[in-house]
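See below for the structure under consideration.
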Amino acid sequence: MEPVREYFNELVIRFGQGWNRFWYSASDPFSLCVMRIASGLIALYWLLTYTADLTLFFKDGGLLPTELIADFNAAGGLNVASLSYLSYLQTSTELYIAHAIGALVVLFFTIGFYTRLTSILALFVTLAYVYRAPFVTSDVETVLVMLQFYLCLAPCGAYLSVDRWAANRRVPNNDPAEENRPSKSCSATISLRLIQLHVCVICLISGLAKLTGPAQLLDVENWINPWLSGSATWQMIGCQVSPMVDLTFLRATPGLIQAWAHLIVAFELVFPFLIWKNLARPLLLGIAVFMWGTLSLISGVAVFSLLMIVANIAFVSPQFLRGMFQKNGTSATEQAANSPAAAAG
Amino acid sequence: MADQLSDTTTQREPVGMPSLGVRTCISFLLFLHLFAVAAAVVMNFAPDFRSGIRVALADVPGLRPYLNLLAMNSSFGFNPVYGTQEDYSHSCEILLNVPDEFTSEEATEFNKLSLMPEKTWPGMRRWRYLRLSLMTGFYEGDDTLESLLPSALALGLLREHGVETGTHRFRCRSQMPVRMRGFENLPLEIRENPFHETYFDSVYEAQLSWNDETKQWSYTKQSGSGEMTRFGRTEPKNNE
């Protein structure tokens, strides 16, 4: 029995050490800052696209009256909460004022102004629209809210932000290396890990969903899985309304269309397992950008694809991202900070 | 093994790691959150297959409110195509002042109000209208919910356009994709017009009539998918 006891002791200890390393090793929040800007811009676009339909959807007597949402919630027909401040606003003026304030909050979050506060408020604004109009929400909002929630947990305003600029101004420091030295943080690691795990869950479940088919399938005998038959991509290409570009000329190459469908499923099933391998990561991230980019052309949901690409930034090393920004000449001071001289100092 | 064990326990903790108490609290919260995400996947993935553990998870106190609060009560499975009628683009419209014995073939004779405005831009806006149209028939078969959304949309659309009386027909239609194989064999008028009537299929129809006595609209469902079955169609009918 002694070897068994020792084995389990060691298992517990090593698991604990692995858990601590995985979640609590301090890391550079630069990736999260880049994600803040990218997801903030997408959230701002997403919010502003409500402007033209704001009163049509939400005003008293509009297409989506508050009673409708209340009835659905009472019957348990919705999977979201019902706490939106928009439910209490009925006139066009009230709605537009709230909408403008919401857009301002998201803008502040994007530029990193009082980021700790505005990250939470931006999430609150996004959720208000999701709760108020669940019938027009889809996977776009699921990923957007996921990103905003996890960014709330981290110092995502540490770099590339108004907060950083203001902090540098408040504390005069002639040493640019000191100003821009990465301030590693444990909360950045937790946020990055949560995003990474969630992206893996999305990819894995998306792949499995394509293999299992839909719920409530009535005519099972006549149903053919379009992802296994390879016709799924054509069903998107052939839609008359959704696609961003007309690719119907690809009907001449059915093999290509079928291969495209199979590669999407294969990628989604492989990604969650291989993305943790250093050697495979750059390749998988490159394929991810290509896959989500091309999928957006035919599915018509460019915002979702963009959000998935932004979420994948969680797997990119902060040093690599810093290098990219330096090459673009956006931060001369950070160049100095990472120069050999600064490192020696 | 004991030596190895003692070696591992004396390894240095990573720099910047929080204290043990803080780590314990955060780990507990992480466990709760990850459990909730896993439960959301289990509860929502392939909901036809009901296992006992799903029912048990659904009853865990606070789980659903937490997931609903974060809008995470989802399987997180993004699947744009299922091989059913759900994949098609849906559109909703109201045909104005139709007679009681209205048939779909006569639809072109009537003025209509479309849910999605023409040339809706940008793409995210268009996507919302398509989503709204799709959801119109989503709850069909549920006696409590099936007419709530279509009637709200229909009445809202009439109010928006200042229509105050008359008898009108609300309908939701799906539009089949153009076919891949045998496209060349189709009549020229269908090949050249991707919005030809043959691509459309009725999903849901309802009659809206103004009642002068009660001063209210009456809303009567005329037809649903019924025999058409919204799910289970693998190919557009013009592929036959």
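By convention here, the chains of the structure tokens are called A, B, ... in the order presented, each chain's residues are numbered starting at 1, and ligands are numbered starting at 1 in the order presented.
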Where does DSSP see strand (DSSP E) in stretch 79-197 of chain B, if you list the residues as a ChimeraX atom specification?
-> /B:89-95,112-114,167-175
For the selection just defined, write its residues with all heavy atoms to a file, as a short mmCIF file (atom, residue, chain, number, x, y, z; two decimals), in the first residue's frame.
```cif
data_model
loop_
_atom_site.label_atom_id
_atom_site.label_comp_id
_atom_site.auth_asym_id
_atom_site.auth_seq_id
_atom_site.Cartn_x
_atom_site.Cartn_y
_atom_site.Cartn_z
N SER B 89 -31.54 31.59 -45.23
CA SER B 89 -31.88 32.96 -44.85
C SER B 89 -33.39 33.05 -44.66
O SER B 89 -34.14 32.50 -45.47
CB SER B 89 -31.46 33.94 -45.94
OG SER B 89 -30.08 33.86 -46.15
N HIS B 90 -33.81 33.71 -43.60
CA HIS B 90 -35.25 33.88 -43.35
C HIS B 90 -35.61 35.35 -43.50
O HIS B 90 -34.80 36.23 -43.22
CB HIS B 90 -35.61 33.41 -41.94
CG HIS B 90 -35.64 31.91 -41.80
ND1 HIS B 90 -34.53 31.12 -42.03
CD2 HIS B 90 -36.64 31.06 -41.46
CE1 HIS B 90 -34.86 29.85 -41.84
NE2 HIS B 90 -36.13 29.79 -41.49
N SER B 91 -36.83 35.60 -43.92
CA SER B 91 -37.30 36.98 -44.03
C SER B 91 -38.76 37.05 -43.59
O SER B 91 -39.51 36.09 -43.76
CB SER B 91 -37.18 37.47 -45.48
OG SER B 91 -37.89 36.62 -46.34
N CYS B 92 -39.11 38.18 -43.01
CA CYS B 92 -40.48 38.39 -42.55
C CYS B 92 -41.06 39.59 -43.28
O CYS B 92 -40.36 40.57 -43.55
CB CYS B 92 -40.52 38.66 -41.05
SG CYS B 92 -40.09 37.23 -40.06
N GLU B 93 -42.35 39.51 -43.57
CA GLU B 93 -43.02 40.63 -44.24
C GLU B 93 -44.51 40.59 -43.93
O GLU B 93 -45.03 39.56 -43.49
CB GLU B 93 -42.79 40.55 -45.75
CG GLU B 93 -43.34 39.29 -46.38
CD GLU B 93 -42.91 39.09 -47.82
OE1 GLU B 93 -42.01 39.81 -48.29
OE2 GLU B 93 -43.49 38.21 -48.48
N ILE B 94 -45.16 41.73 -44.16
CA ILE B 94 -46.61 41.80 -44.02
C ILE B 94 -47.20 42.19 -45.36
O ILE B 94 -46.81 43.22 -45.94
CB ILE B 94 -47.03 42.82 -42.94
CG1 ILE B 94 -46.53 42.37 -41.57
CG2 ILE B 94 -48.54 42.97 -42.92
CD1 ILE B 94 -46.83 43.35 -40.46
N LEU B 95 -48.10 41.38 -45.89
CA LEU B 95 -48.82 41.71 -47.12
C LEU B 95 -50.07 42.48 -46.70
O LEU B 95 -50.85 42.00 -45.86
CB LEU B 95 -49.20 40.45 -47.88
CG LEU B 95 -48.01 39.56 -48.28
CD1 LEU B 95 -48.49 38.25 -48.85
CD2 LEU B 95 -47.14 40.28 -49.30
N LYS B 112 -46.41 45.39 -49.64
CA LYS B 112 -45.89 44.68 -48.47
C LYS B 112 -44.95 45.55 -47.64
O LYS B 112 -44.32 46.48 -48.15
CB LYS B 112 -45.20 43.39 -48.88
CG LYS B 112 -43.96 43.58 -49.71
CD LYS B 112 -43.35 42.22 -50.04
CE LYS B 112 -42.08 42.41 -50.85
NZ LYS B 112 -41.50 41.13 -51.26
N LEU B 113 -44.90 45.22 -46.34
CA LEU B 113 -43.95 45.85 -45.42
C LEU B 113 -42.92 44.78 -45.06
O LEU B 113 -43.29 43.72 -44.55
CB LEU B 113 -44.65 46.31 -44.15
CG LEU B 113 -45.87 47.22 -44.29
CD1 LEU B 113 -46.52 47.43 -42.92
CD2 LEU B 113 -45.43 48.55 -44.88
N SER B 114 -41.66 45.06 -45.33
CA SER B 114 -40.62 44.08 -44.99
C SER B 114 -40.01 44.41 -43.63
O SER B 114 -39.82 45.58 -43.30
CB SER B 114 -39.52 44.09 -46.05
OG SER B 114 -40.04 43.63 -47.27
N THR B 167 -57.12 44.10 -42.99
CA THR B 167 -56.76 42.70 -42.78
C THR B 167 -55.47 42.42 -43.53
O THR B 167 -55.37 42.72 -44.73
CB THR B 167 -57.87 41.78 -43.32
OG1 THR B 167 -59.09 42.07 -42.62
CG2 THR B 167 -57.52 40.31 -43.12
N HIS B 168 -54.51 41.92 -42.83
CA HIS B 168 -53.17 41.76 -43.42
C HIS B 168 -52.62 40.37 -43.12
O HIS B 168 -53.09 39.70 -42.19
CB HIS B 168 -52.23 42.83 -42.87
CG HIS B 168 -52.85 44.19 -42.79
ND1 HIS B 168 -53.13 44.94 -43.90
CD2 HIS B 168 -53.30 44.92 -41.73
CE1 HIS B 168 -53.69 46.08 -43.53
NE2 HIS B 168 -53.81 46.09 -42.22
N ARG B 169 -51.60 40.00 -43.89
CA ARG B 169 -51.01 38.67 -43.71
C ARG B 169 -49.53 38.81 -43.35
O ARG B 169 -48.75 39.40 -44.11
CB ARG B 169 -51.15 37.88 -45.02
CG ARG B 169 -50.53 36.49 -45.01
CD ARG B 169 -51.22 35.55 -44.03
NE ARG B 169 -52.59 35.28 -44.42
CZ ARG B 169 -53.02 34.13 -44.96
NH1 ARG B 169 -52.17 33.17 -45.18
NH2 ARG B 169 -54.30 33.97 -45.26
N PHE B 170 -49.20 38.31 -42.17
CA PHE B 170 -47.79 38.28 -41.76
C PHE B 170 -47.22 36.94 -42.19
O PHE B 170 -47.83 35.90 -41.98
CB PHE B 170 -47.68 38.42 -40.23
CG PHE B 170 -46.29 38.24 -39.70
CD1 PHE B 170 -45.38 39.28 -39.70
CD2 PHE B 170 -45.87 37.01 -39.18
CE1 PHE B 170 -44.10 39.12 -39.22
CE2 PHE B 170 -44.59 36.84 -38.69
CZ PHE B 170 -43.70 37.90 -38.71
N ARG B 171 -46.06 36.96 -42.80
CA ARG B 171 -45.47 35.67 -43.16
C ARG B 171 -43.94 35.70 -43.01
O ARG B 171 -43.29 36.72 -43.26
CB ARG B 171 -45.88 35.25 -44.57
CG ARG B 171 -45.47 36.17 -45.67
CD ARG B 171 -45.93 35.57 -46.99
NE ARG B 171 -45.39 36.31 -48.12
CZ ARG B 171 -45.43 35.88 -49.36
NH1 ARG B 171 -45.98 34.72 -49.64
NH2 ARG B 171 -44.92 36.60 -50.34
N CYS B 172 -43.45 34.57 -42.60
CA CYS B 172 -42.01 34.36 -42.48
C CYS B 172 -41.64 33.29 -43.50
O CYS B 172 -42.29 32.24 -43.55
CB CYS B 172 -41.68 33.90 -41.06
SG CYS B 172 -39.95 33.43 -40.87
N ARG B 173 -40.64 33.57 -44.29
CA ARG B 173 -40.26 32.61 -45.33
C ARG B 173 -38.76 32.31 -45.26
O ARG B 173 -37.96 33.17 -44.88
CB ARG B 173 -40.60 33.17 -46.71
CG ARG B 173 -42.09 33.42 -46.86
CD ARG B 173 -42.48 33.64 -48.29
NE ARG B 173 -41.81 34.76 -48.93
CZ ARG B 173 -41.76 34.94 -50.25
NH1 ARG B 173 -42.36 34.08 -51.05
NH2 ARG B 173 -41.16 36.00 -50.76
N SER B 174 -38.43 31.12 -45.63
CA SER B 174 -37.02 30.77 -45.73
C SER B 174 -36.63 30.77 -47.20
O SER B 174 -37.45 30.50 -48.07
CB SER B 174 -36.76 29.39 -45.12
OG SER B 174 -37.40 28.39 -45.88
N GLN B 175 -35.38 31.11 -47.44
CA GLN B 175 -34.90 31.19 -48.82
C GLN B 175 -33.78 30.17 -49.01
O GLN B 175 -32.72 30.27 -48.39
CB GLN B 175 -34.38 32.60 -49.10
CG GLN B 175 -34.03 32.83 -50.54
CD GLN B 175 -33.53 34.23 -50.79
OE1 GLN B 175 -33.28 34.99 -49.85
NE2 GLN B 175 -33.37 34.58 -52.05
#
```
Please run DSSP on the backbone and report, as a ChimeraX atom specification, all residues within stretch 137-283 of chain A that come out as helix (DSSP H, G or I).
-> /A:139-152,162-170,176-180,186-212,220-222,226-229,232-237,248-252,254-274,281-283
Have a look at atom CA of B:Gly156 and atom CA of A:Gly62 and let me know their distance in Å, one decimal.
->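 Computing it gives 5.1 Å between the two atoms.
If you measure from each of B:His161, B:His196, B:Arg125, B:Lys215 to chain A using only C-alpha atoms, the closest one turns out to be B:Arg125.
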For stretch 231-236 of chain A: contacts at 9 Å, only C-alpha atoms, fewer than 4 positions along chain excluded, given as a VMD selection string | (chain A and resid 225 to 227 240 242 to 243 248 250 to 251 254 257 to 258 260 to 261 295 298 to 300) or (chain B and resid 80 to 83 87 to 88 176 to 180)
Determine, counting only C-alpha atoms, which protein, DNA and RNA residues have an atom within 10 Å of an atom of B:Met43; residues of the same chain fewer than 5 positions away are not included. Present the result as a PDB file with N, CA and C atoms, in the first residue's frame.
```
ATOM      1  N   VAL B  37     -18.860  26.903 -16.546  1.00  0.00           N
ATOM      2  CA  VAL B  37     -18.669  26.852 -18.007  1.00  0.00           C
ATOM      3  C   VAL B  37     -18.839  25.411 -18.504  1.00  0.00           C
ATOM      4  N   ALA B  38     -18.236  24.478 -17.775  1.00  0.00           N
ATOM      5  CA  ALA B  38     -18.365  23.064 -18.171  1.00  0.00           C
ATOM      6  C   ALA B  38     -19.825  22.626 -18.101  1.00  0.00           C
ATOM      7  N   PHE B  49     -30.189  14.652 -26.287  1.00  0.00           N
ATOM      8  CA  PHE B  49     -29.751  13.500 -25.516  1.00  0.00           C
ATOM      9  C   PHE B  49     -29.754  13.865 -24.030  1.00  0.00           C
ATOM     10  N   ARG B  50     -30.851  13.496 -23.360  1.00  0.00           N
ATOM     11  CA  ARG B  50     -31.016  13.886 -21.966  1.00  0.00           C
ATOM     12  C   ARG B  50     -30.447  12.800 -21.057  1.00  0.00           C
ATOM     13  N   SER B  51     -29.445  13.150 -20.317  1.00  0.00           N
ATOM     14  CA  SER B  51     -28.932  12.200 -19.329  1.00  0.00           C
ATOM     15  C   SER B  51     -29.277  12.733 -17.954  1.00  0.00           C
ATOM     16  N   ILE B  53     -27.397  13.372 -15.525  1.00  0.00           N
ATOM     17  CA  ILE B  53     -26.472  14.385 -15.003  1.00  0.00           C
ATOM     18  C   ILE B  53     -26.845  15.784 -15.509  1.00  0.00           C
ATOM     19  N   ARG B  54     -27.433  15.832 -16.699  1.00  0.00           N
ATOM     20  CA  ARG B  54     -27.884  17.144 -17.210  1.00  0.00           C
ATOM     21  C   ARG B  54     -28.991  17.711 -16.351  1.00  0.00           C
ATOM     22  N   VAL B  55     -29.929  16.847 -16.015  1.00  0.00           N
ATOM     23  CA  VAL B  55     -31.045  17.293 -15.179  1.00  0.00           C
ATOM     24  C   VAL B  55     -30.512  17.735 -13.824  1.00  0.00           C
ATOM     25  N   ALA B  56     -29.567  16.971 -13.305  1.00  0.00           N
ATOM     26  CA  ALA B  56     -29.006  17.314 -11.992  1.00  0.00           C
ATOM     27  C   ALA B  56     -28.262  18.650 -12.059  1.00  0.00           C
ATOM     28  N   LEU B  57     -27.519  18.866 -13.136  1.00  0.00           N
ATOM     29  CA  LEU B  57     -26.777  20.122 -13.274  1.00  0.00           C
ATOM     30  C   LEU B  57     -27.719  21.315 -13.364  1.00  0.00           C
ATOM     31  N   ALA B  58     -28.818  21.104 -14.097  1.00  0.00           N
ATOM     32  CA  ALA B  58     -29.769  22.208 -14.264  1.00  0.00           C
ATOM     33  C   ALA B  58     -30.354  22.646 -12.933  1.00  0.00           C
ATOM     34  N   ASN B  73     -24.891  30.935 -20.856  1.00  0.00           N
ATOM     35  CA  ASN B  73     -25.676  29.705 -20.818  1.00  0.00           C
ATOM     36  C   ASN B  73     -25.797  29.158 -22.235  1.00  0.00           C
ATOM     37  N   SER B  74     -24.676  28.694 -22.741  1.00  0.00           N
ATOM     38  CA  SER B  74     -24.592  28.277 -24.141  1.00  0.00           C
ATOM     39  C   SER B  74     -23.650  27.087 -24.224  1.00  0.00           C
ATOM     40  N   SER B  75     -23.784  26.327 -25.312  1.00  0.00           N
ATOM     41  CA  SER B  75     -22.848  25.205 -25.475  1.00  0.00           C
ATOM     42  C   SER B  75     -21.500  25.696 -25.993  1.00  0.00           C
TER      43      SER B  75
END
```
Counting only C-alpha atoms, what is within 10 Å of B:Glu197, bar same-chain residues fewer than 4 positions away, as JSON, numbers by chain?
-> {"B": [105, 108, 175, 190, 193, 201]}
